[in-house]
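K.L.:
Pasting data-v5.cif here (mmCIF, C-alpha atoms):
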data_data
#
loop_
_atom_site.label_atom_id
_atom_site.label_comp_id
_atom_site.auth_asym_id
_atom_site.auth_seq_id
_atom_site.Cartn_x
_atom_site.Cartn_y
_atom_site.Cartn_z
CA VAL T 1 168.95 150.07 128.94
CA VAL T 2 170.37 148.14 126.05
CA ALA T 3 171.10 149.54 122.58
CA THR T 4 171.57 147.27 119.62
CA LEU T 5 173.32 148.15 116.37
CA ILE T 6 173.02 145.77 113.47
CA ALA T 7 175.78 146.27 110.95
CA ARG T 8 177.08 144.25 108.06
CA GLY T 9 180.18 144.58 105.99
CA GLY T 10 178.58 144.78 102.56
CA GLY T 11 175.97 147.28 101.50
CA SER T 12 173.45 147.12 98.67
CA THR T 13 173.20 150.88 98.13
CA PHE T 14 176.73 151.88 99.16
CA TYR T 15 179.30 149.10 99.33
CA ARG T 16 181.07 148.98 102.72
CA LYS T 17 179.14 152.01 103.87
CA ASN T 18 179.60 151.24 107.55
CA THR T 19 183.36 151.61 107.34
CA PHE T 20 183.32 154.62 104.99
CA PRO T 21 185.22 157.51 106.62
CA LEU T 22 183.22 160.67 107.27
CA LEU T 23 185.32 163.51 108.68
CA GLY T 24 187.96 160.97 109.60
CA LYS T 25 185.68 158.48 111.36
CA PRO T 26 183.97 155.39 110.00
CA VAL T 27 180.20 155.70 109.68
CA ILE T 28 179.56 152.99 112.28
CA LEU T 29 181.70 154.88 114.81
CA HIS T 30 179.55 158.00 114.40
CA ALA T 31 176.51 155.88 115.30
CA ILE T 32 178.29 154.29 118.28
CA GLU T 33 179.39 157.67 119.64
CA ILE T 34 175.83 159.02 119.47
CA LEU T 35 174.62 156.10 121.61
CA GLN T 36 177.55 156.50 124.01
CA ALA T 37 176.75 160.20 124.47
CA THR T 38 173.19 159.60 125.66
CA SER T 39 172.48 159.80 129.37
CA PHE T 40 170.46 156.61 129.70
CA ILE T 41 171.96 153.76 127.66
CA THR T 42 173.97 151.40 129.83
CA ASP T 43 175.05 148.67 127.40
CA ILE T 44 175.68 148.93 123.65
CA PHE T 45 175.81 145.81 121.49
CA LEU T 46 177.09 145.61 117.94
CA TRP T 47 175.94 142.54 115.98
CA THR T 48 178.16 142.00 112.96
CA GLU T 49 179.94 139.40 110.87
CA ASP T 50 182.57 141.80 109.55
CA GLU T 51 186.07 141.79 111.04
CA GLU T 52 186.76 145.47 110.39
CA ILE T 53 183.47 146.53 111.97
CA LYS T 54 184.14 144.25 114.93
CA SER T 55 187.50 145.90 115.43
CA ILE T 56 185.96 149.41 115.27
CA GLY T 57 183.39 148.37 117.85
CA GLU T 58 185.93 146.81 120.20
CA ASN T 59 188.17 149.87 120.02
CA ALA T 60 185.15 152.05 120.82
CA GLY T 61 184.39 149.94 123.89
CA VAL T 62 181.08 148.39 122.86
CA ASN T 63 180.12 144.72 123.17
CA VAL T 64 180.59 142.94 119.88
CA LEU T 65 178.23 140.04 119.15
CA GLU T 66 178.99 137.39 116.58
CA ARG T 67 176.57 137.53 113.67
CA PRO T 68 176.39 134.28 111.73
CA LYS T 69 177.11 134.76 108.04
CA ALA T 70 173.79 133.07 107.22
CA MET T 71 172.01 135.90 109.06
CA VAL T 72 173.59 138.71 107.08
CA HIS T 73 171.03 139.05 104.29
CA TYR T 74 167.30 139.49 104.59
CA ALA T 75 165.23 136.73 103.05
CA SER T 76 168.21 134.45 102.64
CA GLY T 77 165.87 131.60 103.47
CA PHE T 78 168.14 130.04 106.04
CA HIS T 79 166.72 131.71 109.13
CA THR T 80 163.59 133.50 110.26
CA LEU T 81 163.72 136.98 111.72
CA GLU T 82 162.82 135.32 115.01
CA ASP T 83 166.04 133.32 114.72
CA TRP T 84 167.88 136.60 114.22
CA TYR T 85 166.33 138.01 117.36
CA HIS T 86 167.11 134.96 119.48
CA ASN T 87 170.68 134.86 118.28
CA ARG T 88 171.22 138.43 119.48
CA ALA T 89 169.18 138.00 122.66
CA SER T 90 171.07 134.89 123.83
CA GLN T 91 174.41 136.66 123.35
CA ILE T 92 173.19 139.79 125.15
CA HIS T 93 171.98 137.61 128.02
CA ALA T 94 175.36 135.90 128.17
CA HIS T 95 177.04 139.32 128.52
CA ILE T 96 174.87 141.03 131.13
CA GLY T 97 172.66 138.27 132.55
CA GLN T 98 169.44 139.88 131.31
CA LEU T 99 167.97 141.48 128.18
CA GLY T 100 167.41 144.92 129.64
CA GLU T 101 164.17 146.61 130.64
CA PHE T 102 164.39 149.03 127.76
CA GLU T 103 165.92 148.58 124.34
CA VAL T 104 167.06 151.17 121.82
CA GLY T 105 166.86 149.92 118.26
CA TYR T 106 169.27 151.95 116.18
CA ASN T 107 169.93 151.77 112.45
CA CYS T 108 173.55 152.75 111.89
CA ASN T 109 172.57 154.88 108.86
CA ASN T 110 171.47 157.47 111.39
CA ILE T 111 174.66 159.36 111.95
CA LEU T 112 173.11 162.76 112.67
CA VAL T 113 170.60 162.00 115.41
CA ARG T 114 171.54 164.01 118.48
CA PRO T 115 172.07 162.15 121.76
CA GLN T 116 169.76 164.77 123.29
CA SER T 117 166.98 163.64 120.95
CA LEU T 118 167.42 160.06 122.14
CA ASP T 119 167.37 161.27 125.74
CA ALA T 120 164.14 163.13 125.02
CA MET T 121 162.61 160.02 123.41
CA TYR T 122 163.43 158.01 126.52
CA GLU T 123 161.90 160.70 128.75
CA HIS T 124 158.83 160.71 126.52
CA LEU T 125 158.47 156.94 126.98
CA LYS T 126 158.74 157.25 130.74
CA ASP T 127 156.34 160.20 130.86
CA ASN T 128 153.78 158.07 129.02
CA ALA T 129 154.40 154.82 130.85
CA ASP T 130 150.67 154.27 131.26
CA LYS T 131 150.03 154.02 127.54
CA ALA T 132 153.24 153.75 125.50
CA CYS T 133 155.43 150.76 124.78
CA ARG T 134 157.61 152.36 122.14
CA ILE T 135 158.76 155.77 120.95
CA GLN T 136 159.43 155.91 117.24
CA ALA T 137 161.45 158.78 115.75
CA VAL T 138 159.89 160.47 112.74
CA VAL T 139 161.07 163.23 110.47
CA ARG T 140 159.10 165.62 108.27
CA VAL T 141 159.38 165.02 104.52
CA GLU T 142 158.77 167.73 101.95
CA ALA T 143 155.96 167.20 99.49
CA GLY T 144 156.20 167.42 95.68
CA LEU T 145 157.07 163.82 94.91
CA CYS T 146 156.65 161.57 91.89
CA LEU T 147 156.87 157.98 90.72
CA GLU T 148 158.35 156.84 87.42
CA ASN T 149 156.04 154.67 85.34
CA SER T 150 158.03 151.51 84.60
CA LYS T 151 156.44 151.10 81.16
CA THR T 152 156.47 154.63 79.75
CA HIS T 153 159.15 156.10 82.02
CA GLY T 154 156.94 159.14 82.42
CA LEU T 155 156.69 160.79 85.83
CA PHE T 156 153.48 160.48 87.80
CA PRO T 157 152.75 162.93 90.62
CA PHE T 158 152.57 161.67 94.18
CA TRP T 159 151.66 163.95 97.09
CA ASN T 160 152.04 166.68 94.56
CA ASP T 161 149.24 169.09 93.71
CA PRO T 162 150.46 171.43 90.95
CA GLU T 163 148.10 174.14 92.12
CA ARG T 164 149.60 174.36 95.59
CA PRO T 165 153.05 175.42 96.65
CA GLU T 166 155.00 172.60 98.31
CA GLU T 167 154.63 174.10 101.76
CA ALA T 168 150.82 174.01 101.43
CA HIS T 169 150.72 170.21 101.10
CA PRO T 170 149.69 168.12 104.12
CA PRO T 171 152.89 167.07 105.84
CA LEU T 172 154.40 163.67 105.23
CA TYR T 173 156.63 161.90 107.69
CA ARG T 174 159.28 159.25 107.32
CA MET T 175 159.96 156.72 110.02
CA VAL T 176 163.57 157.02 111.13
CA GLY T 177 165.29 153.78 112.12
CA VAL T 178 165.47 154.78 115.79
CA THR T 179 163.16 153.47 118.49
CA VAL T 180 163.16 153.33 122.27
CA ASN T 181 161.21 150.27 123.43
CA ASP T 182 159.88 149.01 126.72
CA ARG T 183 160.71 145.36 126.27
CA VAL T 184 157.85 144.01 128.42
CA LYS T 185 155.06 146.33 127.30
CA CYS T 186 155.92 145.79 123.61
CA SER T 187 154.11 142.46 123.78
CA ASP T 188 151.07 143.92 125.57
CA SER T 189 148.35 145.20 123.25
CA ARG T 190 147.15 147.77 125.79
CA TYR T 191 150.25 149.82 125.02
CA LYS T 192 151.00 151.57 121.78
CA THR T 193 153.68 153.33 119.79
CA LEU T 194 154.07 157.07 120.23
CA TYR T 195 156.01 159.25 117.83
CA TYR T 196 158.71 161.80 118.33
CA GLU T 197 159.58 164.28 115.61
CA ILE T 198 163.27 165.05 115.23
CA PRO T 199 164.65 167.95 113.16
CA ARG T 200 165.00 167.20 109.46
CA GLU T 201 168.79 167.22 109.33
CA GLU T 202 168.97 164.72 112.20
CA GLY T 203 166.93 162.30 110.12
CA LEU T 204 169.40 162.05 107.22
CA ASP T 205 169.46 158.40 106.20
CA PHE T 206 173.06 157.82 105.13
CA GLN T 207 172.83 155.16 102.46
CA HIS T 208 174.13 156.57 99.16
CA GLU T 209 177.36 158.16 98.03
CA ASP T 210 175.12 161.12 97.26
CA ASP T 211 174.69 161.60 101.00
CA VAL T 212 178.39 162.08 101.74
CA ALA T 213 178.47 165.83 101.12
CA LEU T 214 175.29 166.48 103.12
CA ALA T 215 176.49 164.30 106.00
CA GLU T 216 179.86 166.04 106.15
CA PHE T 217 178.20 169.45 106.13
CA TYR T 218 175.93 168.68 109.06
CA LEU T 219 178.59 166.74 111.00
CA GLY T 220 180.98 169.66 110.52
CA LYS T 221 178.38 172.10 111.87
CA ARG T 222 177.60 169.99 114.88
CA VAL T 223 180.61 170.94 117.01
CA ASN T 224 179.29 174.30 118.16
CA ALA T 225 175.68 173.99 117.12
CA PRO T 226 173.07 174.84 119.75
CA LEU T 227 170.91 172.03 121.04
CA GLN T 228 167.82 171.67 118.91
CA ARG T 229 165.35 169.29 120.42
CA GLY T 230 162.57 167.64 118.56
CA ALA T 231 159.01 167.56 119.81
CA PRO T 232 156.64 164.76 120.68
CA CYS T 233 154.58 164.29 117.59
CA VAL T 234 151.70 162.33 118.99
CA VAL W 1 172.39 183.30 94.15
CA LEU W 2 170.62 184.70 91.11
CA GLU W 3 173.93 185.27 89.34
CA THR W 4 174.87 181.61 89.93
CA VAL W 5 171.62 180.43 88.37
CA VAL W 6 172.17 182.74 85.37
CA GLU W 7 175.70 181.40 84.92
CA ASN W 8 174.54 177.81 85.16
CA VAL W 9 171.99 178.37 82.40
CA GLN W 10 174.48 180.25 80.23
CA ASN W 11 177.19 177.64 80.73
CA SER W 12 174.88 174.85 79.65
CA LYS W 13 175.54 176.08 76.08
CA VAL W 14 172.10 175.03 74.95
CA VAL W 15 170.33 178.35 75.53
CA ASP W 16 170.12 181.09 72.89
CA ASP W 17 168.24 183.75 74.83
CA ILE W 18 167.91 184.30 78.55
CA ALA W 19 165.88 186.68 80.68
CA ILE W 20 165.29 187.23 84.36
CA VAL W 21 161.56 187.48 85.00
CA THR W 22 160.67 188.97 88.35
CA ASP W 23 158.23 191.02 90.39
CA ASP W 24 161.11 192.67 92.27
CA GLU W 25 160.80 196.36 91.46
CA GLU W 26 164.45 197.10 92.16
CA LEU W 27 165.60 194.48 89.66
CA ILE W 28 163.02 195.61 87.12
CA SER W 29 164.15 199.22 87.37
CA ARG W 30 167.76 198.15 86.70
CA GLY W 31 166.69 196.59 83.41
CA ASN W 32 169.77 194.42 83.36
CA TYR W 33 171.41 192.11 85.87
CA SER W 34 174.62 190.20 85.41
CA GLY W 35 174.50 190.96 81.69
CA VAL W 36 171.01 189.57 81.32
CA GLY W 37 167.83 191.53 80.57
CA VAL W 38 165.30 191.82 83.39
CA ARG W 39 161.60 191.71 82.54
CA ALA W 40 158.58 192.30 84.70
CA CYS W 41 156.52 189.25 85.47
CA PRO W 42 153.03 189.66 83.99
CA ASP W 43 150.51 190.52 86.70
CA ASN W 44 148.42 187.42 86.12
CA MET W 45 151.45 185.16 86.73
CA ARG W 46 152.76 186.69 89.94
CA SER W 47 151.12 184.13 92.18
CA TYR W 48 151.44 181.23 89.75
CA THR W 49 152.98 178.07 91.19
CA PHE W 50 155.28 176.46 88.63
CA ASN W 51 155.23 172.69 88.96
CA SER W 52 157.24 170.34 86.79
CA LEU W 53 154.42 167.80 86.64
CA GLY W 54 151.50 170.13 85.92
CA ILE W 55 150.00 169.04 82.61
CA GLU W 56 146.49 170.47 82.68
CA THR W 57 145.79 172.39 79.49
CA TYR W 58 145.11 175.67 81.25
CA ARG W 59 148.48 175.50 82.98
CA ILE W 60 150.39 174.71 79.81
CA CYS W 61 148.63 177.57 78.01
CA MET W 62 149.41 179.94 80.87
CA GLU W 63 153.06 179.00 80.73
CA ARG W 64 153.16 179.41 76.95
CA ASP W 65 151.49 182.82 77.23
CA PHE W 66 153.89 183.74 80.03
CA LEU W 67 156.89 182.99 77.83
CA ASN W 68 155.39 184.96 74.95
CA ALA W 69 154.57 187.89 77.24
CA VAL W 70 158.16 188.19 78.42
CA GLY W 71 159.45 187.86 74.88
CA LEU W 72 160.95 184.39 75.11
CA LYS W 73 159.48 182.67 72.09
CA GLY W 74 161.82 179.73 71.66
CA ASN W 75 160.16 176.37 71.25
CA VAL W 76 162.28 174.83 73.97
CA SER W 77 162.41 176.70 77.26
CA VAL W 78 164.43 176.27 80.43
CA ILE W 79 162.50 177.27 83.54
CA ALA W 80 165.13 177.86 86.23
CA PRO W 81 163.95 179.22 89.60
CA TRP W 82 166.46 181.39 91.42
CA THR W 83 166.05 179.13 94.47
CA LEU W 84 167.91 176.25 92.78
CA PRO W 85 171.48 177.44 92.23
CA LEU W 86 173.04 173.97 92.31
CA VAL W 87 171.42 172.55 89.19
CA SER W 88 174.59 172.33 87.12
CA PRO W 89 175.17 173.46 83.52
CA ARG W 90 175.82 169.81 82.62
CA THR W 91 172.45 168.80 84.04
CA ILE W 92 170.69 171.49 82.01
CA GLU W 93 172.46 170.22 78.90
CA ARG W 94 171.45 166.64 79.72
CA LEU W 95 167.83 167.69 80.27
CA TYR W 96 167.86 169.25 76.81
CA HIS W 97 169.21 165.99 75.41
CA VAL W 98 166.41 164.06 77.07
CA LEU W 99 164.00 166.06 74.92
CA LEU W 100 166.11 165.46 71.81
CA GLU W 101 166.26 161.72 72.41
CA ASP W 102 162.67 161.13 73.48
CA PRO W 103 160.24 162.52 70.90
CA LEU W 104 157.29 162.00 73.25
CA ALA W 105 158.73 163.98 76.13
CA GLY W 106 157.19 167.41 76.71
CA ARG W 107 159.27 168.25 79.73
CA ALA W 108 162.52 166.96 81.14
CA VAL W 109 162.81 167.27 84.88
CA PRO W 110 165.72 166.68 87.27
CA ILE W 111 164.71 164.22 89.99
CA VAL W 112 166.35 162.80 93.11
CA LYS W 113 165.58 159.65 95.08
CA VAL W 114 163.42 159.94 98.19
CA ASP W 115 163.65 157.47 101.05
CA PRO W 116 160.45 155.42 101.34
CA GLN W 117 158.40 154.44 104.39
CA LEU W 118 156.21 157.51 104.31
CA TYR W 119 153.23 158.19 106.52
CA MET W 120 150.77 161.01 106.97
CA ARG W 121 149.55 162.17 110.31
CA CYS W 122 145.84 161.57 110.68
CA PRO W 123 144.14 164.87 111.47
CA ASP W 124 142.76 164.95 115.02
CA GLN W 125 143.94 161.42 115.78
CA ASP W 126 146.94 160.17 117.64
CA ALA W 127 148.09 158.05 114.75
CA PHE W 128 149.98 157.94 111.50
CA PHE W 129 148.58 156.47 108.33
CA PRO W 130 150.87 154.62 105.90
CA VAL W 131 150.95 156.16 102.43
CA TRP W 132 154.11 154.69 100.89
CA VAL W 133 155.26 151.73 102.91
CA HIS W 134 154.67 148.01 103.16
CA LYS W 135 155.15 147.13 106.79
CA GLY W 136 157.48 144.21 107.20
CA MET W 137 159.04 144.65 103.76
CA ASP W 138 162.64 145.61 103.35
CA ARG W 139 162.62 149.25 102.30
CA GLN W 140 164.80 148.57 99.28
CA ARG W 141 161.86 146.64 97.79
CA ILE W 142 159.46 149.56 98.08
CA PRO W 143 158.95 151.22 94.67
CA GLN W 144 161.24 154.20 94.42
CA LEU W 145 159.80 157.68 94.79
CA TYR W 146 161.52 160.78 93.54
CA ARG W 147 161.42 164.46 94.36
CA CYS W 148 161.19 167.06 91.67
CA ARG W 149 161.39 170.82 91.92
CA PRO W 150 159.97 173.47 89.61
CA PHE W 151 163.04 173.32 87.37
CA TYR W 152 162.62 171.93 83.89
CA VAL W 153 163.29 172.08 80.19
CA ALA W 154 160.03 172.20 78.25
CA HIS W 155 159.14 171.62 74.61
CA MET W 156 156.09 173.85 74.21
CA ASP W 157 154.82 172.30 70.96
CA ARG W 158 154.82 168.81 72.41
CA LEU W 159 153.20 170.03 75.61
CA THR W 160 150.30 171.63 73.75
CA ARG W 161 149.77 169.01 71.06
CA SER W 162 149.35 165.76 72.93
CA LEU W 163 148.92 164.25 76.34
CA PRO W 164 152.38 165.20 77.49
CA LYS W 165 154.94 162.84 78.87
CA ILE W 166 157.13 164.23 81.62
CA ALA W 167 160.55 162.58 81.61
CA GLY W 168 162.80 162.43 84.66
CA LEU W 169 166.57 162.66 84.78
CA GLN W 170 168.09 161.43 87.99
CA VAL W 171 170.68 163.83 89.40
CA PRO W 172 172.73 163.91 92.61
CA LYS W 173 170.63 164.86 95.64
CA ALA W 174 172.69 167.97 96.28
CA GLU W 175 171.65 169.51 92.94
CA LEU W 176 168.10 170.05 94.12
CA THR W 177 169.14 171.88 97.28
CA THR W 178 166.66 174.72 97.57
CA ILE W 179 167.31 178.16 99.00
CA SER W 180 164.22 178.91 101.05
CA LYS W 181 165.71 180.41 104.21
CA PRO W 182 168.98 182.12 105.13
CA ASP W 183 170.44 178.95 106.69
CA ASP W 184 170.23 177.22 103.32
CA LEU W 185 172.87 179.55 101.90
CA GLU W 186 175.53 178.02 104.13
CA LEU W 187 174.66 174.53 102.93
CA ALA W 188 174.55 175.62 99.29
CA THR W 189 177.91 177.39 99.57
CA PHE W 190 179.44 174.26 101.16
CA LEU W 191 178.04 172.03 98.43
CA MET W 192 179.14 174.34 95.64
CA GLY W 193 182.70 174.00 96.85
CA ARG W 194 182.59 170.23 96.58
CA LYS W 195 182.22 167.52 94.04
CA TRP W 196 179.37 165.18 94.81
#
Could you render the structure from this file as structure tokens?

P.N.:
Amino acid sequence: VVATLIARGGGSTFYRKNTFPLLGKPVILHAIEILQATSFITDIFLWTEDEEIKSIGENAGVNVLERPKAMVHYASGFHTLEDWYHNRASQIHAHIGQLGEFEVGYNCNNILVRPQSLDAMYEHLKDNADKACRIQAVVRVEAGLCLENSKTHGLFPFWNDPERPEEAHPPLYRMVGVTVNDRVKCSDSRYKTLYYEIPREEGLDFQHEDDVALAEFYLGKRVNAPLQRGAPCV
Amino acid sequence: VLETVVENVQNSKVVDDIAIVTDDEELISRGNYSGVGVRACPDNMRSYTFNSLGIETYRICMERDFLNAVGLKGNVSVIAPWTLPLVSPRTIERLYHVLLEDPLAGRAVPIVKVDPQLYMRCPDQDAFFPVWVHKGMDRQRIPQLYRCRPFYVAHMDRLTRSLPKIAGLQVPKAELTTISKPDDLELATFLMGRKW
């Protein structure tokens, strides 16, 4: 089982987020340690162009893949996403002689997902081998939202009925950047994506300076916190 | 928690009169809490759901009548639920200034960014339905959504005289931390001890 982390040195919402220290550890290292603590991932690959991130990955014992600078930004125009995939895949193949039967796609913003949740997602994929090709993590989102009108700057309600309390709204979910994929079945239309709901605090998407305090609170609590598993959503 | 909310409102320095409005009989019988008068919530408002974006006439009239009934007759009102103790005095002052600077605004509301890529679960189906996502598009290009809570500064004249504009003021995410269960107190206490 192969896990792939894609990390760059910049950051459009939080400059050099991946190396920002949270409770004494860079963000990317929190993500690496989550993957290392699972019971099923055999090889972790870190695809990056940044020297500091490479060094963090090497010290943590993961396989560092060279990411061409022209593949750092989306829509740069130089390469297709297929090129991105093949660049990673050829390097992974060079390391382990195969691409892996299963692949964990992991966005390094997810620094609070529990290894046990990833284990449970993998079990869920195996338990549903007859119909599932992918398990996608989801997290519940509270209702009571709004959009700002770009012309008038007035707020416009979205998923927000003033006559109902927030908890009475139909639940919304956000896709978390964590998937467990069966590499072969993913290209077979007979198989589909199933969803796995993780607890809300595990789904924190660390991408703004605003998130530092929340992340440190939950990371600080984690040491002695009881295991809280998510539940298969669908 | 209630005392913190009272202090935040007082320390904003933009409020002339403040009252705690509640259906809690113990608080009502005290008559005063933390130096602030306690008033009984009118019966017809005890199950009312305050919502920062509610602009239907009947709701605005109910809120105006509510303020009159509890003796708060100022033209600008701060509605501060006890469940939001982290909305800072500075934010309340800034919300007031939003109303001063925008003559069309009937309410000023603190808002925080919400991550996009939202789906709803289809009832009775094993599927999710996209409601705020464009599959294949980088999420930073998805129009930004915000969360608001029932905390606001309202200009009652403007709300009742025209189709009201509700203006948002973006604040740090932590400020809209809501106390809805005992566990939330630990988070709120941690955040209060920090700068964010």

K.L.:
Pick out the chain T residues within 6 Å of chain W. Count all atoms listed in the file. Give them as an MDAnalysis selection string.

P.N.:
chainID T and resid 145:147 154:155 162 172:174 210 234

K.L.:
Could you save those same residues with C-alpha atoms as a short mmCIF file (atom, residue, chain, number, x, y, z; two decimals), in the coordinates of the input?

P.N.:
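Done, and the output landed in again_4.cif:
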data_model
loop_
_atom_site.label_atom_id
_atom_site.label_comp_id
_atom_site.auth_asym_id
_atom_site.auth_seq_id
_atom_site.Cartn_x
_atom_site.Cartn_y
_atom_site.Cartn_z
CA LEU T 145 157.07 163.82 94.91
CA CYS T 146 156.65 161.57 91.89
CA LEU T 147 156.87 157.98 90.72
CA GLY T 154 156.94 159.14 82.42
CA LEU T 155 156.69 160.79 85.83
CA PRO T 162 150.46 171.43 90.95
CA LEU T 172 154.40 163.67 105.23
CA TYR T 173 156.63 161.90 107.69
CA ARG T 174 159.28 159.25 107.32
CA ASP T 210 175.12 161.12 97.26
CA VAL T 234 151.70 162.33 118.99
#

K.L.:
Give, as JSON, the centre coordinates and the x, y and z edge lengths in Å to one decimal for an axis-aligned box around all listed atoms of range 127-136 of chain W, padded by 3 Å on each side.

P.N.:
{"center_x": 152.8, "center_y": 151.1, "center_z": 107.8, "size_x": 15.4, "size_y": 19.8, "size_z": 19.9}

K.L.:
Here's the selection I'm unsure about, the PyMOL selection byres ((chain W and resi 70-86) around 8); applied to the file above, which residues does it give, as an MDAnalysis selection string?

P.N.:
chainID W and resid 1:2 4:5 8:9 15 17:19 21 39:42 66:69 87:88 150:157 174:180 188 192

K.L.:
Taking only residues of range 50-155 of chain T that have an atom at most 12 Å from an atom of range 13-23 of chain T, what is each one's shortest atom pair and its distance in Å to one decimal, using all atoms listed in the file, in chain and number order, as JSON lines?

P.N.:
{"residue": "T:Asp50", "atom": "CA", "partner": "T:Arg16", "partner_atom": "CA", "distance": 10.0}
{"residue": "T:Glu51", "atom": "CA", "partner": "T:Thr19", "partner_atom": "CA", "distance": 10.8}
{"residue": "T:Glu52", "atom": "CA", "partner": "T:Thr19", "partner_atom": "CA", "distance": 7.7}
{"residue": "T:Ile53", "atom": "CA", "partner": "T:Thr19", "partner_atom": "CA", "distance": 6.9}
{"residue": "T:Lys54", "atom": "CA", "partner": "T:Thr19", "partner_atom": "CA", "distance": 10.6}
{"residue": "T:Ser55", "atom": "CA", "partner": "T:Thr19", "partner_atom": "CA", "distance": 10.7}
{"residue": "T:Ile56", "atom": "CA", "partner": "T:Thr19", "partner_atom": "CA", "distance": 8.6}
{"residue": "T:Gly57", "atom": "CA", "partner": "T:Thr19", "partner_atom": "CA", "distance": 11.0}
{"residue": "T:Asn107", "atom": "CA", "partner": "T:Asn18", "partner_atom": "CA", "distance": 10.9}
{"residue": "T:Cys108", "atom": "CA", "partner": "T:Asn18", "partner_atom": "CA", "distance": 7.6}
{"residue": "T:Asn109", "atom": "CA", "partner": "T:Asn18", "partner_atom": "CA", "distance": 8.0}
{"residue": "T:Asn110", "atom": "CA", "partner": "T:Asn18", "partner_atom": "CA", "distance": 10.9}
{"residue": "T:Ile111", "atom": "CA", "partner": "T:Leu22", "partner_atom": "CA", "distance": 9.8}
{"residue": "T:Leu112", "atom": "CA", "partner": "T:Leu22", "partner_atom": "CA", "distance": 11.7}

K.L.:
Just how far from CA of Glu142 in chain T is CA of Glu197 in chain T, in Å to one decimal?

P.N.:
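We find that CA of Glu197 in chain T and CA of Glu142 in chain T lie 14.1 Å from each other.
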
K.L.:
Let me know the residues the PyMOL selection byres ((chain T and resi 126) around 12) catches in the file above, as a list in words.

P.N.:
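What the PyMOL selection byres ((chain T and resi 126) around 12) grabs from the file is Phe40, Glu101, Phe102, Asp119, Ala120, Met121, Tyr122, Glu123, His124, Leu125, Asp127, Asn128, Ala129, Asp130, Lys131, Ala132, Cys133, Arg134, Ile135, Val180, Asn181, Asp182 and Leu194 of chain T.
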
K.L.:
Could those selected residues go to a file with C-alpha atoms, as a PDB file, in the frame of the given file?

P.N.:
ATOM      1  CA  PHE T  40     170.460 156.610 129.700  1.00  0.00           C
ATOM      2  CA  GLU T 101     164.170 146.610 130.640  1.00  0.00           C
ATOM      3  CA  PHE T 102     164.390 149.030 127.760  1.00  0.00           C
ATOM      4  CA  ASP T 119     167.370 161.270 125.740  1.00  0.00           C
ATOM      5  CA  ALA T 120     164.140 163.130 125.020  1.00  0.00           C
ATOM      6  CA  MET T 121     162.610 160.020 123.410  1.00  0.00           C
ATOM      7  CA  TYR T 122     163.430 158.010 126.520  1.00  0.00           C
ATOM      8  CA  GLU T 123     161.900 160.700 128.750  1.00  0.00           C
ATOM      9  CA  HIS T 124     158.830 160.710 126.520  1.00  0.00           C
ATOM     10  CA  LEU T 125     158.470 156.940 126.980  1.00  0.00           C
ATOM     11  CA  ASP T 127     156.340 160.200 130.860  1.00  0.00           C
ATOM     12  CA  ASN T 128     153.780 158.070 129.020  1.00  0.00           C
ATOM     13  CA  ALA T 129     154.400 154.820 130.850  1.00  0.00           C
ATOM     14  CA  ASP T 130     150.670 154.270 131.260  1.00  0.00           C
ATOM     15  CA  LYS T 131     150.030 154.020 127.540  1.00  0.00           C
ATOM     16  CA  ALA T 132     153.240 153.750 125.500  1.00  0.00           C
ATOM     17  CA  CYS T 133     155.430 150.760 124.780  1.00  0.00           C
ATOM     18  CA  ARG T 134     157.610 152.360 122.140  1.00  0.00           C
ATOM     19  CA  ILE T 135     158.760 155.770 120.950  1.00  0.00           C
ATOM     20  CA  VAL T 180     163.160 153.330 122.270  1.00  0.00           C
ATOM     21  CA  ASN T 181     161.210 150.270 123.430  1.00  0.00           C
ATOM     22  CA  ASP T 182     159.880 149.010 126.720  1.00  0.00           C
ATOM     23  CA  LEU T 194     154.070 157.070 120.230  1.00  0.00           C
TER      24      LEU T 194
END
